>>> print(open('protein_30.pdb').read())   # PDB, C-alpha atoms
ATOM      1  CA  MET A   1       2.727  -4.622  36.039  1.00  0.00           C
ATOM      2  CA  ILE A   2       4.235  -1.666  34.202  1.00  0.00           C
ATOM      3  CA  ARG A   3       7.642  -3.385  34.127  1.00  0.00           C
ATOM      4  CA  SER A   4       6.030  -6.475  32.577  1.00  0.00           C
ATOM      5  CA  VAL A   5       4.355  -4.392  29.881  1.00  0.00           C
ATOM      6  CA  LEU A   6       7.615  -2.624  29.072  1.00  0.00           C
ATOM      7  CA  LEU A   7       9.488  -5.920  28.929  1.00  0.00           C
ATOM      8  CA  PHE A   8       6.853  -7.357  26.590  1.00  0.00           C
ATOM      9  CA  ALA A   9       7.106  -4.279  24.346  1.00  0.00           C
ATOM     10  CA  ILE A  10      10.910  -4.552  24.169  1.00  0.00           C
ATOM     11  CA  VAL A  11      10.726  -8.246  23.285  1.00  0.00           C
ATOM     12  CA  SER A  12       8.093  -7.538  20.652  1.00  0.00           C
ATOM     13  CA  LEU A  13      10.286  -4.890  19.063  1.00  0.00           C
ATOM     14  CA  GLY A  14      13.076  -7.395  18.920  1.00  0.00           C
ATOM     15  CA  PHE A  15      10.907  -9.761  16.918  1.00  0.00           C
ATOM     16  CA  CYS A  16       9.766  -6.963  14.606  1.00  0.00           C
ATOM     17  CA  HIS A  17      13.323  -5.948  13.722  1.00  0.00           C
ATOM     18  CA  GLN A  18      14.730  -9.274  12.653  1.00  0.00           C
ATOM     19  CA  GLU A  19      18.110  -9.800  11.062  1.00  0.00           C
ATOM     20  CA  LEU A  20      18.481  -9.302   7.316  1.00  0.00           C
ATOM     21  CA  SER A  21      18.016 -12.417   5.228  1.00  0.00           C
ATOM     22  CA  ASP A  22      21.147 -14.136   3.948  1.00  0.00           C
ATOM     23  CA  ILE A  23      20.321 -13.277   0.339  1.00  0.00           C
ATOM     24  CA  TYR A  24      19.854  -9.607   1.185  1.00  0.00           C
ATOM     25  CA  LYS A  25      23.117  -9.584   3.149  1.00  0.00           C
ATOM     26  CA  ALA A  26      24.846 -10.960   0.069  1.00  0.00           C
ATOM     27  CA  TYR A  27      23.293  -8.189  -2.016  1.00  0.00           C
ATOM     28  CA  LYS A  28      24.398  -5.511   0.466  1.00  0.00           C
ATOM     29  CA  ALA A  29      27.927  -6.914   0.485  1.00  0.00           C
ATOM     30  CA  SER A  30      28.118  -6.764  -3.303  1.00  0.00           C
ATOM     31  CA  LYS A  31      28.288  -3.671  -5.459  1.00  0.00           C
ATOM     32  CA  GLY A  32      24.810  -4.469  -6.731  1.00  0.00           C
ATOM     33  CA  ILE A  33      23.320  -3.326 -10.002  1.00  0.00           C
ATOM     34  CA  SER A  34      22.480   0.332 -10.131  1.00  0.00           C
ATOM     35  CA  HIS A  35      19.679   1.498 -12.418  1.00  0.00           C
ATOM     36  CA  LYS A  36      20.846   4.530 -14.353  1.00  0.00           C
ATOM     37  CA  PRO A  37      17.961   6.363 -16.005  1.00  0.00           C
ATOM     38  CA  SER A  38      18.541   7.919 -19.398  1.00  0.00           C
ATOM     39  CA  TYR A  39      17.857  11.603 -19.945  1.00  0.00           C
ATOM     40  CA  ARG A  40      16.954  13.467 -23.120  1.00  0.00           C
ATOM     41  CA  ASP A  41      17.384  17.121 -23.971  1.00  0.00           C
ATOM     42  CA  VAL A  42      14.216  18.969 -24.948  1.00  0.00           C
ATOM     43  CA  VAL A  43      13.872  21.640 -27.630  1.00  0.00           C
ATOM     44  CA  LEU A  44      11.034  24.189 -27.479  1.00  0.00           C
ATOM     45  CA  PRO A  45      10.625  25.885 -30.871  1.00  0.00           C
ATOM     46  CA  SER A  46       8.752  29.134 -31.144  1.00  0.00           C
ATOM     47  CA  ASN A  47       5.204  29.129 -32.471  1.00  0.00           C
ATOM     48  CA  THR A  48       6.468  31.104 -35.478  1.00  0.00           C
ATOM     49  CA  ASP A  49       9.435  28.881 -36.384  1.00  0.00           C
ATOM     50  CA  THR A  50       9.423  27.391 -39.858  1.00  0.00           C
ATOM     51  CA  ALA A  51      10.089  23.799 -40.844  1.00  0.00           C
ATOM     52  CA  SER A  52       8.857  21.166 -43.261  1.00  0.00           C
ATOM     53  CA  LYS A  53       5.510  19.437 -42.800  1.00  0.00           C
ATOM     54  CA  ASP A  54       7.107  16.428 -44.456  1.00  0.00           C
ATOM     55  CA  LEU A  55       8.544  15.476 -41.060  1.00  0.00           C
ATOM     56  CA  PHE A  56       5.160  13.933 -40.192  1.00  0.00           C
ATOM     57  CA  PHE A  57       2.779  11.415 -41.690  1.00  0.00           C
ATOM     58  CA  PRO A  58      -0.500  12.938 -42.913  1.00  0.00           C
ATOM     59  CA  PRO A  59      -3.796  11.957 -41.263  1.00  0.00           C
ATOM     60  CA  LEU A  60      -5.143   8.503 -42.061  1.00  0.00           C
ATOM     61  CA  PRO A  61      -8.419   8.277 -44.027  1.00  0.00           C
ATOM     62  CA  GLY A  62     -11.299   9.163 -41.751  1.00  0.00           C
ATOM     63  CA  GLN A  63      -9.210  10.894 -39.085  1.00  0.00           C
ATOM     64  CA  THR A  64     -10.471  14.212 -37.764  1.00  0.00           C
ATOM     65  CA  PRO A  65      -8.538  17.039 -36.091  1.00  0.00           C
ATOM     66  CA  VAL A  66      -9.674  15.690 -32.724  1.00  0.00           C
ATOM     67  CA  ASP A  67      -8.103  12.241 -33.115  1.00  0.00           C
ATOM     68  CA  TYR A  68      -5.068  13.066 -35.285  1.00  0.00           C
ATOM     69  CA  HIS A  69      -1.760  13.181 -33.422  1.00  0.00           C
ATOM     70  CA  PRO A  70       1.092  13.656 -35.902  1.00  0.00           C
ATOM     71  CA  GLN A  71       3.695  10.903 -36.034  1.00  0.00           C
ATOM     72  CA  LEU A  72       7.254  11.476 -37.198  1.00  0.00           C
ATOM     73  CA  ARG A  73       8.066   9.662 -40.432  1.00  0.00           C
ATOM     74  CA  LYS A  74      11.545   8.753 -39.209  1.00  0.00           C
ATOM     75  CA  PRO A  75      12.156   7.747 -35.573  1.00  0.00           C
ATOM     76  CA  MET A  76      14.868   9.755 -33.863  1.00  0.00           C
ATOM     77  CA  SER A  77      18.124   8.301 -32.625  1.00  0.00           C
ATOM     78  CA  GLU A  78      18.621   8.025 -28.870  1.00  0.00           C
ATOM     79  CA  ASP A  79      21.058  10.947 -28.755  1.00  0.00           C
ATOM     80  CA  GLU A  80      18.729  13.386 -30.513  1.00  0.00           C
ATOM     81  CA  PRO A  81      16.755  15.854 -28.375  1.00  0.00           C
ATOM     82  CA  LEU A  82      12.979  15.667 -28.185  1.00  0.00           C
ATOM     83  CA  THR A  83      11.174  18.590 -29.774  1.00  0.00           C
ATOM     84  CA  TYR A  84       8.046  19.790 -27.980  1.00  0.00           C
ATOM     85  CA  TYR A  85       6.179  21.404 -30.871  1.00  0.00           C
ATOM     86  CA  SER A  86       3.041  22.227 -28.891  1.00  0.00           C
ATOM     87  CA  TRP A  87       0.702  20.870 -26.188  1.00  0.00           C
ATOM     88  CA  HIS A  88      -2.816  19.527 -25.861  1.00  0.00           C
ATOM     89  CA  ILE A  89      -5.108  19.816 -22.844  1.00  0.00           C
ATOM     90  CA  HIS A  90      -7.854  17.237 -22.253  1.00  0.00           C
ATOM     91  CA  VAL A  91     -10.500  17.715 -19.548  1.00  0.00           C
ATOM     92  CA  TYR A  92     -12.436  14.521 -18.740  1.00  0.00           C
ATOM     93  CA  PHE A  93     -16.028  14.128 -17.555  1.00  0.00           C
ATOM     94  CA  PHE A  94     -18.622  11.329 -17.268  1.00  0.00           C
ATOM     95  CA  HIS A  95     -20.705  12.213 -20.306  1.00  0.00           C
ATOM     96  CA  GLU A  96     -23.658   9.997 -19.286  1.00  0.00           C
ATOM     97  CA  ASP A  97     -24.345  12.195 -16.260  1.00  0.00           C
ATOM     98  CA  GLU A  98     -26.126  15.389 -17.320  1.00  0.00           C
ATOM     99  CA  ASN A  99     -25.169  17.363 -14.226  1.00  0.00           C
ATOM    100  CA  VAL A 100     -21.491  16.407 -14.441  1.00  0.00           C
ATOM    101  CA  THR A 101     -21.476  17.222 -18.154  1.00  0.00           C
ATOM    102  CA  ALA A 102     -23.053  20.624 -17.508  1.00  0.00           C
ATOM    103  CA  ARG A 103     -20.424  21.490 -14.898  1.00  0.00           C
ATOM    104  CA  SER A 104     -17.618  20.421 -17.225  1.00  0.00           C
ATOM    105  CA  LEU A 105     -18.976  22.536 -20.070  1.00  0.00           C
ATOM    106  CA  ALA A 106     -19.288  25.480 -17.657  1.00  0.00           C
ATOM    107  CA  LEU A 107     -15.581  25.062 -16.909  1.00  0.00           C
ATOM    108  CA  ARG A 108     -14.917  25.007 -20.657  1.00  0.00           C
ATOM    109  CA  ASP A 109     -16.913  28.216 -21.155  1.00  0.00           C
ATOM    110  CA  GLU A 110     -14.968  29.915 -18.373  1.00  0.00           C
ATOM    111  CA  PHE A 111     -11.663  28.788 -19.883  1.00  0.00           C
ATOM    112  CA  ILE A 112     -12.683  30.111 -23.306  1.00  0.00           C
ATOM    113  CA  SER A 113     -13.770  33.434 -21.799  1.00  0.00           C
ATOM    114  CA  THR A 114     -10.638  33.813 -19.669  1.00  0.00           C
ATOM    115  CA  PHE A 115      -8.227  33.251 -22.551  1.00  0.00           C
ATOM    116  CA  SER A 116     -10.420  34.698 -25.350  1.00  0.00           C
ATOM    117  CA  ILE A 117      -9.997  31.714 -27.656  1.00  0.00           C
ATOM    118  CA  GLU A 118     -11.947  30.319 -30.604  1.00  0.00           C
ATOM    119  CA  THR A 119     -12.761  26.891 -32.046  1.00  0.00           C
ATOM    120  CA  CYS A 120      -9.832  25.137 -33.758  1.00  0.00           C
ATOM    121  CA  SER A 121      -9.753  25.047 -37.546  1.00  0.00           C
ATOM    122  CA  ASP A 122      -9.602  21.792 -39.506  1.00  0.00           C
ATOM    123  CA  ASP A 123      -5.836  22.150 -39.960  1.00  0.00           C
ATOM    124  CA  CYS A 124      -5.022  22.694 -36.294  1.00  0.00           C
ATOM    125  CA  PHE A 125      -2.922  19.713 -35.224  1.00  0.00           C
ATOM    126  CA  MET A 126       0.617  20.463 -34.071  1.00  0.00           C
ATOM    127  CA  GLY A 127       1.055  24.214 -34.220  1.00  0.00           C
ATOM    128  CA  GLY A 128       3.863  26.429 -35.416  1.00  0.00           C
ATOM    129  CA  PRO A 129       5.087  25.556 -38.915  1.00  0.00           C
ATOM    130  CA  PHE A 130       2.955  22.426 -39.247  1.00  0.00           C
ATOM    131  CA  ASP A 131      -0.554  23.854 -39.544  1.00  0.00           C
ATOM    132  CA  THR A 132      -2.682  26.974 -39.213  1.00  0.00           C
ATOM    133  CA  CYS A 133      -2.484  27.262 -35.413  1.00  0.00           C
ATOM    134  CA  THR A 134      -0.205  30.282 -35.418  1.00  0.00           C
ATOM    135  CA  LYS A 135      -2.430  32.720 -33.513  1.00  0.00           C
ATOM    136  CA  GLY A 136      -2.433  30.998 -30.140  1.00  0.00           C
ATOM    137  CA  MET A 137      -4.772  28.614 -28.355  1.00  0.00           C
ATOM    138  CA  CYS A 138      -7.970  27.116 -29.730  1.00  0.00           C
ATOM    139  CA  VAL A 139     -10.541  24.583 -28.493  1.00  0.00           C
ATOM    140  CA  TRP A 140     -12.156  21.531 -30.073  1.00  0.00           C
ATOM    141  CA  ASP A 141     -15.798  20.628 -29.684  1.00  0.00           C
ATOM    142  CA  PRO A 142     -16.518  18.345 -26.702  1.00  0.00           C
ATOM    143  CA  PHE A 143     -16.693  14.612 -27.425  1.00  0.00           C
ATOM    144  CA  TYR A 144     -19.396  12.660 -25.587  1.00  0.00           C
ATOM    145  CA  GLY A 145     -18.095   9.123 -25.573  1.00  0.00           C
ATOM    146  CA  VAL A 146     -15.056   6.936 -26.223  1.00  0.00           C
ATOM    147  CA  ASP A 147     -12.673   8.610 -28.654  1.00  0.00           C
ATOM    148  CA  GLY A 148      -9.373   6.938 -29.499  1.00  0.00           C
ATOM    149  CA  PRO A 149      -7.398   6.580 -26.278  1.00  0.00           C
ATOM    150  CA  HIS A 150      -9.923   8.596 -24.274  1.00  0.00           C
ATOM    151  CA  PRO A 151     -12.319   6.297 -22.330  1.00  0.00           C
ATOM    152  CA  TYR A 152     -15.167   8.771 -21.833  1.00  0.00           C
ATOM    153  CA  GLY A 153     -16.233  12.352 -22.446  1.00  0.00           C
ATOM    154  CA  GLN A 154     -13.601  15.045 -22.821  1.00  0.00           C
ATOM    155  CA  TRP A 155     -13.001  18.459 -24.294  1.00  0.00           C
ATOM    156  CA  GLY A 156      -9.649  19.513 -25.648  1.00  0.00           C
ATOM    157  CA  VAL A 157      -7.441  22.536 -26.206  1.00  0.00           C
ATOM    158  CA  TYR A 158      -4.576  23.165 -28.610  1.00  0.00           C
ATOM    159  CA  LEU A 159      -1.798  25.021 -26.785  1.00  0.00           C
ATOM    160  CA  PRO A 160       1.428  26.621 -28.076  1.00  0.00           C
ATOM    161  CA  ASN A 161       4.528  26.299 -25.897  1.00  0.00           C
ATOM    162  CA  GLU A 162       4.431  29.984 -24.989  1.00  0.00           C
ATOM    163  CA  LEU A 163       1.149  29.626 -23.054  1.00  0.00           C
ATOM    164  CA  LEU A 164       1.873  26.440 -21.089  1.00  0.00           C
ATOM    165  CA  ALA A 165       2.725  28.016 -17.732  1.00  0.00           C
ATOM    166  CA  GLN A 166      -0.267  30.363 -17.828  1.00  0.00           C
ATOM    167  CA  THR A 167      -2.791  27.613 -18.565  1.00  0.00           C
ATOM    168  CA  VAL A 168      -1.294  25.116 -16.100  1.00  0.00           C
ATOM    169  CA  ALA A 169      -1.590  27.756 -13.378  1.00  0.00           C
ATOM    170  CA  TRP A 170      -5.234  28.466 -14.273  1.00  0.00           C
ATOM    171  CA  MET A 171      -6.178  24.785 -14.409  1.00  0.00           C
ATOM    172  CA  THR A 172      -4.558  23.967 -11.063  1.00  0.00           C
ATOM    173  CA  ALA A 173      -6.725  26.662  -9.480  1.00  0.00           C
ATOM    174  CA  ASN A 174      -9.986  25.912 -11.306  1.00  0.00           C
ATOM    175  CA  HIS A 175     -10.195  22.249 -12.395  1.00  0.00           C
ATOM    176  CA  GLY A 176     -12.546  21.366  -9.534  1.00  0.00           C
ATOM    177  CA  GLU A 177     -13.807  17.778  -9.746  1.00  0.00           C
ATOM    178  CA  PHE A 178     -12.352  17.116 -13.190  1.00  0.00           C
ATOM    179  CA  GLU A 179      -9.174  15.323 -14.242  1.00  0.00           C
ATOM    180  CA  VAL A 180      -6.986  17.303 -16.632  1.00  0.00           C
ATOM    181  CA  LEU A 181      -4.280  15.978 -18.949  1.00  0.00           C
ATOM    182  CA  PHE A 182      -1.517  18.164 -20.369  1.00  0.00           C
ATOM    183  CA  HIS A 183       0.615  16.366 -22.934  1.00  0.00           C
ATOM    184  CA  PRO A 184       3.262  17.620 -25.361  1.00  0.00           C
ATOM    185  CA  ASN A 185       3.207  16.897 -29.079  1.00  0.00           C
ATOM    186  CA  THR A 186       6.603  15.483 -30.014  1.00  0.00           C
ATOM    187  CA  GLY A 187       5.690  13.217 -32.906  1.00  0.00           C
ATOM    188  CA  TYR A 188       5.700  10.210 -30.540  1.00  0.00           C
ATOM    189  CA  MET A 189       2.066  10.027 -29.541  1.00  0.00           C
ATOM    190  CA  VAL A 190       2.314   6.988 -27.250  1.00  0.00           C
ATOM    191  CA  GLY A 191       4.944   8.484 -24.963  1.00  0.00           C
ATOM    192  CA  ASP A 192       3.204  11.860 -25.120  1.00  0.00           C
ATOM    193  CA  HIS A 193       0.106  10.283 -23.502  1.00  0.00           C
ATOM    194  CA  ASP A 194       1.995   7.946 -21.143  1.00  0.00           C
ATOM    195  CA  PRO A 195       2.142   9.167 -17.496  1.00  0.00           C
ATOM    196  CA  SER A 196       5.411   7.270 -17.001  1.00  0.00           C
ATOM    197  CA  LYS A 197       6.947   9.351 -19.799  1.00  0.00           C
ATOM    198  CA  ARG A 198       5.662  12.799 -20.765  1.00  0.00           C
ATOM    199  CA  ALA A 199       1.964  13.101 -19.811  1.00  0.00           C
ATOM    200  CA  LEU A 200       1.239  15.574 -17.021  1.00  0.00           C
ATOM    201  CA  TRP A 201      -1.923  15.071 -14.935  1.00  0.00           C
ATOM    202  CA  ILE A 202      -3.831  17.386 -12.616  1.00  0.00           C
ATOM    203  CA  LYS A 203      -5.899  15.637  -9.924  1.00  0.00           C
ATOM    204  CA  GLN A 204      -5.590  11.947 -10.846  1.00  0.00           C
ATOM    205  CA  GLN A 205      -4.848   9.849 -13.908  1.00  0.00           C
ATOM    206  CA  VAL A 206      -7.530   8.603 -16.285  1.00  0.00           C
ATOM    207  CA  PRO A 207      -6.597   5.152 -17.712  1.00  0.00           C
ATOM    208  CA  LEU A 208      -6.020   5.883 -21.395  1.00  0.00           C
ATOM    209  CA  ASP A 209      -5.957   3.161 -24.043  1.00  0.00           C
ATOM    210  CA  LEU A 210      -2.312   3.446 -25.121  1.00  0.00           C
ATOM    211  CA  ASP A 211      -2.653   0.229 -27.136  1.00  0.00           C
ATOM    212  CA  PHE A 212      -4.925   2.165 -29.504  1.00  0.00           C
ATOM    213  CA  LEU A 213      -2.150   4.697 -30.097  1.00  0.00           C
ATOM    214  CA  ILE A 214       0.390   1.935 -30.703  1.00  0.00           C
ATOM    215  CA  TRP A 215      -2.001   0.388 -33.248  1.00  0.00           C
ATOM    216  CA  LEU A 216      -2.479   3.778 -34.872  1.00  0.00           C
ATOM    217  CA  GLN A 217       1.255   4.317 -35.225  1.00  0.00           C
ATOM    218  CA  CYS A 218       1.695   0.836 -36.671  1.00  0.00           C
ATOM    219  CA  GLU A 219      -0.854   1.734 -39.325  1.00  0.00           C
ATOM    220  CA  TRP A 220       1.831   4.133 -40.554  1.00  0.00           C
ATOM    221  CA  PHE A 221       4.948   2.139 -39.709  1.00  0.00           C
ATOM    222  CA  THR A 222       3.660  -1.396 -40.389  1.00  0.00           C
ATOM    223  CA  CYS A 223       5.234  -2.600 -37.133  1.00  0.00           C
ATOM    224  CA  SER A 224       6.827  -5.930 -37.883  1.00  0.00           C
ATOM    225  CA  ASP A 225       9.343  -6.495 -35.123  1.00  0.00           C
ATOM    226  CA  GLU A 226      10.143  -5.545 -31.547  1.00  0.00           C
ATOM    227  CA  VAL A 227      12.583  -2.839 -32.605  1.00  0.00           C
ATOM    228  CA  THR A 228      10.035  -0.969 -34.677  1.00  0.00           C
ATOM    229  CA  LEU A 229       7.395  -1.363 -31.981  1.00  0.00           C
ATOM    230  CA  ALA A 230       9.791   0.007 -29.355  1.00  0.00           C
ATOM    231  CA  GLN A 231      10.543   3.008 -31.592  1.00  0.00           C
ATOM    232  CA  VAL A 232       6.931   3.998 -32.127  1.00  0.00           C
ATOM    233  CA  SER A 233       6.191   3.503 -28.416  1.00  0.00           C
ATOM    234  CA  TYR A 234       8.925   5.876 -27.269  1.00  0.00           C
TER     235      TYR A 234
END
>>> encode(input="protein_30.pdb", output="structure tokens")
Amino acid sequence: MIRSVLLFAIVSLGFCHQELSDIYKAYKASKGISHKPSYRDVVLPSNTDTASKDLFFPPLPGQTPVDYHPQLRKPMSEDEPLTYYSWHIHVYFFHEDENVTARSLALRDEFISTFSIETCSDDCFMGGPFDTCTKGMCVWDPFYGVDGPHPYGQWGVYLPNELLAQTVAWMTANHGEFEVLFHPNTGYMVGDHDPSKRALWIKQQVPLDLDFLIWLQCEWFTCSDEVTLAQVSY
């Protein structure tokens, strides 16, 4: 009986490990096509560096500090390094649930207390030479609903490069039930929010509306062809 079971198992394994298909054999015999990812250098300017605000488009009519993400006036060439001017943190919560909202705001209060930070001023967008955010972190008021690419409630933080490691460490230890997005501000807002590019998530990803950001950039660029669209979506 045991020998029969073993024989059956051996035969079954033989059927499970079938020969490669002819088309796959042909692929293996060829050199194939190797995907070679492209890499970009990254520049991290100091929070006190100086540069021209003219690098970026101004806010559109009706935009607030919460939904303004500066866009470079001139797209970079492929061989230019990306500049990470600053970072944003977004903490997401289901705003229609009072208990969930209360716990999220408690996390916000603890974050504010831990890092001794204040509410962002109206000119706090990118940091460093581009606005008034030269004293460190600041927080925006919570938003209870859909806001730009954000599908539900969230509260946000402006973050200079110098404090990234410290705040990432704190959030990994204290985020609890809430999803947290860290994204750089490079002047390419779509890629900054895209998890396949530069967005960094703690816990799990929230599906952001990147099409909104593409539309927003095209309001500046007047996207008229695939090349322009590809540039603003970098």
>>> closest_residue(input="protein_30.pdb", among="A:Leu55, A:Ser121, A:His175, A:Tyr158", to="Leu107 in chain A", atoms="all atoms listed in the file")
A:His175
>>> atom_distance(input="protein_30.pdb", atom1="CA of Gly148 in chain A", atom2="CA of Leu208 in chain A")
8.8 Å
>>> resolve_selection(input="protein_30.pdb", expression="the PyMOL selection byres ((chain A and resi 105) around 12)", output="PyMOL selection string")
chain A and resi 91-95+98-104+106-112+141-144+153-156+175+178
>>> write_last_selection(input="protein_30.pdb", atoms="C-alpha atoms", output="PDB file, in the coordinates of the input")
ATOM      1  CA  VAL A  91     -10.500  17.715 -19.548  1.00  0.00           C
ATOM      2  CA  TYR A  92     -12.436  14.521 -18.740  1.00  0.00           C
ATOM      3  CA  PHE A  93     -16.028  14.128 -17.555  1.00  0.00           C
ATOM      4  CA  PHE A  94     -18.622  11.329 -17.268  1.00  0.00           C
ATOM      5  CA  HIS A  95     -20.705  12.213 -20.306  1.00  0.00           C
ATOM      6  CA  GLU A  98     -26.126  15.389 -17.320  1.00  0.00           C
ATOM      7  CA  ASN A  99     -25.169  17.363 -14.226  1.00  0.00           C
ATOM      8  CA  VAL A 100     -21.491  16.407 -14.441  1.00  0.00           C
ATOM      9  CA  THR A 101     -21.476  17.222 -18.154  1.00  0.00           C
ATOM     10  CA  ALA A 102     -23.053  20.624 -17.508  1.00  0.00           C
ATOM     11  CA  ARG A 103     -20.424  21.490 -14.898  1.00  0.00           C
ATOM     12  CA  SER A 104     -17.618  20.421 -17.225  1.00  0.00           C
ATOM     13  CA  ALA A 106     -19.288  25.480 -17.657  1.00  0.00           C
ATOM     14  CA  LEU A 107     -15.581  25.062 -16.909  1.00  0.00           C
ATOM     15  CA  ARG A 108     -14.917  25.007 -20.657  1.00  0.00           C
ATOM     16  CA  ASP A 109     -16.913  28.216 -21.155  1.00  0.00           C
ATOM     17  CA  GLU A 110     -14.968  29.915 -18.373  1.00  0.00           C
ATOM     18  CA  PHE A 111     -11.663  28.788 -19.883  1.00  0.00           C
ATOM     19  CA  ILE A 112     -12.683  30.111 -23.306  1.00  0.00           C
ATOM     20  CA  ASP A 141     -15.798  20.628 -29.684  1.00  0.00           C
ATOM     21  CA  PRO A 142     -16.518  18.345 -26.702  1.00  0.00           C
ATOM     22  CA  PHE A 143     -16.693  14.612 -27.425  1.00  0.00           C
ATOM     23  CA  TYR A 144     -19.396  12.660 -25.587  1.00  0.00           C
ATOM     24  CA  GLY A 153     -16.233  12.352 -22.446  1.00  0.00           C
ATOM     25  CA  GLN A 154     -13.601  15.045 -22.821  1.00  0.00           C
ATOM     26  CA  TRP A 155     -13.001  18.459 -24.294  1.00  0.00           C
ATOM     27  CA  GLY A 156      -9.649  19.513 -25.648  1.00  0.00           C
ATOM     28  CA  HIS A 175     -10.195  22.249 -12.395  1.00  0.00           C
ATOM     29  CA  PHE A 178     -12.352  17.116 -13.190  1.00  0.00           C
TER      30      PHE A 178
END
>>> resolve_selection(input="protein_30.pdb", expression="the PyMOL selection byres ((chain A and resi 204) around 12)", output="PDB file with C-alpha atoms, in the frame of the given file")
ATOM      1  CA  VAL A  91     -10.500  17.715 -19.548  1.00  0.00           C
ATOM      2  CA  TYR A  92     -12.436  14.521 -18.740  1.00  0.00           C
ATOM      3  CA  HIS A 175     -10.195  22.249 -12.395  1.00  0.00           C
ATOM      4  CA  GLY A 176     -12.546  21.366  -9.534  1.00  0.00           C
ATOM      5  CA  GLU A 177     -13.807  17.778  -9.746  1.00  0.00           C
ATOM      6  CA  PHE A 178     -12.352  17.116 -13.190  1.00  0.00           C
ATOM      7  CA  GLU A 179      -9.174  15.323 -14.242  1.00  0.00           C
ATOM      8  CA  VAL A 180      -6.986  17.303 -16.632  1.00  0.00           C
ATOM      9  CA  LEU A 181      -4.280  15.978 -18.949  1.00  0.00           C
ATOM     10  CA  PRO A 195       2.142   9.167 -17.496  1.00  0.00           C
ATOM     11  CA  ALA A 199       1.964  13.101 -19.811  1.00  0.00           C
ATOM     12  CA  LEU A 200       1.239  15.574 -17.021  1.00  0.00           C
ATOM     13  CA  TRP A 201      -1.923  15.071 -14.935  1.00  0.00           C
ATOM     14  CA  ILE A 202      -3.831  17.386 -12.616  1.00  0.00           C
ATOM     15  CA  LYS A 203      -5.899  15.637  -9.924  1.00  0.00           C
ATOM     16  CA  GLN A 205      -4.848   9.849 -13.908  1.00  0.00           C
ATOM     17  CA  VAL A 206      -7.530   8.603 -16.285  1.00  0.00           C
ATOM     18  CA  PRO A 207      -6.597   5.152 -17.712  1.00  0.00           C
TER      19      PRO A 207
END
>>> residues_around(input="protein_30.pdb", residues="Cys138 in chain A", least_positions_apart="6", cutoff="8 Å", atoms="only C-alpha atoms", output="PyMOL selection string")
chain A and resi 117-120+157-159
>>> axis_aligned_box(input="protein_30.pdb", around="range 178-187 of chain A", padding_each_side="8 Å", output="lines of an AutoDock Vina configuration file")
center_x = -2.9
center_y = 15.7
center_z = -23.0
size_x = 35.0
size_y = 20.9
size_z = 35.7
>>> atom_distance(input="protein_30.pdb", atom1="CA of Leu82 in chain A", atom2="CA of Gly187 in chain A")
9.0 Å
>>> atom_distance(input="protein_30.pdb", atom1="CA of Ser86 in chain A", atom2="CA of Phe182 in chain A")
10.5 Å
